[in-house]
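K.L.:
Dumping the structure here so I can ask a few things about it.
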Amino acid sequence: MTRVPGYRASAVPPTLADVAELAGVSRQTVSNAVNNPDLLRPDTLARVLEAIDELGYSPNRAARNLRTRTSHLIGLRFAPVQEGTANATMDRFVHSLVETSSAAGYHVLLFPGDPQDPTAGYDALLRSTAVDAFVATDTYLGNPQAAWLESRRAPFVAFGRPWDNPEAHHPWVDVDGAAGAELATEHLIERGHQRIAWIGWRKEQLIGEDRRTGWTRAMRSNGLATSGLASRSEDTVASGREASAVLLDEAQPTGFVCASDTLAMGVLHTLADRGLVPGRDAAVVGFDDSQVAQVVPPGLTSVRQPLEEVAVEIVRALEGLLTQPPIRAGGVLLSPELIVRGTS
């Protein structure tokens, strides 16, 4: 069919047959243009795409999903933010994952997390084949998500290293926490600080221990003492407040590097209690660059995780898993950056 000048789509949604007729090609050619464009000659592909654009044609994803037995949905367990913390890192990550997945033709299906059962929700989605794959988070020691999914041969990519199983073969993406804490500590050393305290999490939380390694590495490589300058606590503002008060009384640090912005906020409370000004009387650096870090006066210096890049790498690994035959990627470790603000 020749193109008619001024051709306009009707109120009825256009079909694949309408596109084929307008472009003067077969229905199979239109299908190839949508699903396998590499099979077409450039001029033919351009003609079909022009017809698709003119008609406003949208491929029937539901019908395609029935044929291919895929849902184009990625499952992500989402737990509520813990009370008494400033951590909204997962919010930024989820937004980045949704955007990146959408660009790749997938959508993210959020399902609730049960603190008492980390695998709750996975089984129902697997049995109903509601999702094509999962993104697993909170891969700390003892969390059974990854092992559970692997035992059921469910496609998934982990945001976080397999801390308790270095021999694991599933793909993962993580941020180098040790490098981030080292950046933070080196920054304070360059500012003239020598007694720099570390406030982290309990020893069994390996993500926190990884970050502590960066503080230790920077201090020792600069010939600075670490004895009596480290504290472990729960990840709450109250815990950071208590730990920093004890450190100020017993070790007299001039700077603090913290495993999270939540703990750093506790330090800021302690400084305010004592009439000390952050950035002048004592330096404070957090981790995660939360929204709180960006708005609290005078601005909290913090280590920022490249969550947008994390999402890109996760979706890339998922696409590999969902090809036929599957392509199983290895681990990807990304570097964070230090965002310097008034507290340092």
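Chain identifiers are assigned as A, B, and so on, following the order in which chains appear in the structure tokens; residues are numbered from 1 within each chain, and ligands are numbered from 1 in order of appearance.
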Would you list, as a JSON list (two decimals) with all heavy atoms, in the first residue's frame, the residues of region 185-216 of chain A that end up in strand (DSSP E or B) under DSSP run on this structure's backbone?

P.N.:
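Contents of out-v5.json, as written:
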```
[["chain", "number", "residue", "atom", "x", "y", "z"],
["A", 196, "ILE", "N", 41.38, 10.15, 64.76],
["A", 196, "ILE", "CA", 40.12, 9.98, 64.02],
["A", 196, "ILE", "C", 39.43, 8.72, 64.53],
["A", 196, "ILE", "O", 39.98, 7.62, 64.45],
["A", 196, "ILE", "CB", 40.38, 9.87, 62.50],
["A", 196, "ILE", "CG1", 41.11, 11.11, 62.00],
["A", 196, "ILE", "CG2", 39.06, 9.67, 61.76],
["A", 196, "ILE", "CD1", 41.63, 11.00, 60.58],
["A", 197, "ALA", "N", 38.24, 8.88, 65.06],
["A", 197, "ALA", "CA", 37.50, 7.75, 65.62],
["A", 197, "ALA", "C", 36.65, 7.07, 64.55],
["A", 197, "ALA", "O", 36.23, 7.70, 63.57],
["A", 197, "ALA", "CB", 36.61, 8.23, 66.77],
["A", 198, "TRP", "N", 36.39, 5.79, 64.78],
["A", 198, "TRP", "CA", 35.49, 5.02, 63.92],
["A", 198, "TRP", "C", 34.29, 4.58, 64.74],
["A", 198, "TRP", "O", 34.43, 4.04, 65.84],
["A", 198, "TRP", "CB", 36.20, 3.78, 63.36],
["A", 198, "TRP", "CG", 35.25, 2.81, 62.72],
["A", 198, "TRP", "CD1", 34.72, 1.67, 63.26],
["A", 198, "TRP", "CD2", 34.68, 2.92, 61.41],
["A", 198, "TRP", "NE1", 33.86, 1.06, 62.37],
["A", 198, "TRP", "CE2", 33.82, 1.81, 61.22],
["A", 198, "TRP", "CE3", 34.81, 3.86, 60.38],
["A", 198, "TRP", "CZ2", 33.11, 1.60, 60.05],
["A", 198, "TRP", "CZ3", 34.10, 3.65, 59.20],
["A", 198, "TRP", "CH2", 33.26, 2.54, 59.05],
["A", 199, "ILE", "N", 33.08, 4.82, 64.22],
["A", 199, "ILE", "CA", 31.86, 4.30, 64.84],
["A", 199, "ILE", "C", 31.19, 3.40, 63.81],
["A", 199, "ILE", "O", 30.78, 3.86, 62.73],
["A", 199, "ILE", "CB", 30.90, 5.42, 65.28],
["A", 199, "ILE", "CG1", 31.60, 6.36, 66.27],
["A", 199, "ILE", "CG2", 29.65, 4.82, 65.91],
["A", 199, "ILE", "CD1", 30.72, 7.50, 66.75],
["A", 200, "GLY", "N", 31.11, 2.12, 64.12],
["A", 200, "GLY", "CA", 30.54, 1.15, 63.19],
["A", 200, "GLY", "C", 29.48, 0.30, 63.83],
["A", 200, "GLY", "O", 28.93, 0.62, 64.89],
["A", 201, "TRP", "N", 29.19, -0.83, 63.16],
["A", 201, "TRP", "CA", 28.14, -1.72, 63.62],
["A", 201, "TRP", "C", 28.72, -2.91, 64.36],
["A", 201, "TRP", "O", 29.94, -3.04, 64.50],
["A", 201, "TRP", "CB", 27.32, -2.20, 62.42],
["A", 201, "TRP", "CG", 26.72, -1.09, 61.62],
["A", 201, "TRP", "CD1", 26.18, 0.06, 62.10],
["A", 201, "TRP", "CD2", 26.61, -1.02, 60.19],
["A", 201, "TRP", "NE1", 25.72, 0.85, 61.07],
["A", 201, "TRP", "CE2", 25.97, 0.21, 59.88],
["A", 201, "TRP", "CE3", 26.96, -1.86, 59.15],
["A", 201, "TRP", "CZ2", 25.69, 0.61, 58.58],
["A", 201, "TRP", "CZ3", 26.68, -1.48, 57.84],
["A", 201, "TRP", "CH2", 26.05, -0.25, 57.57]]
```

K.L.:
What's the 9 Å shell around Leu263 (chain A), counting only C-alpha atoms, without same-chain residues fewer than 3 positions away, as JSON, numbers by chain?

P.N.:
{"A": [85, 86, 199, 200, 233, 234, 235, 236, 237, 238, 239, 240, 241, 243, 244, 258, 259, 260, 266, 267, 268, 286, 287]}

K.L.:
Near region 31-33 of chain A, within 12 Å and counting only C-alpha atoms, which residues show up once chain neighbours fewer than 6 positions away are dropped, as number ranges by chain?

P.N.:
A: 15-17, 19-20, 23, 25, 39-52, 57-60, 64

K.L.:
Tell me, as a PyMOL selection string, which residues lie within 12 Å of Leu149 (chain A), counting only C-alpha atoms; anything in the same chain fewer than 4 positions away does not count.

P.N.:
chain A and resi 118-123+125-126+133-136+143-145+153-158+168+170

K.L.:
Please run DSSP on the backbone and report, as a PyMOL selection string, all residues within region 59-194 of chain A that come out as alpha helix (DSSP H).

P.N.:
chain A and resi 61-68+89-103+122-127+145-151+177-190

K.L.:
Work out how far CA of Asp176 (chain A) is from CA of Ser101 (chain A), in Å to one decimal.

P.N.:
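Straight-line distance from CA of Ser101 (chain A) to CA of Asp176 (chain A) works out to 23.3 Å.
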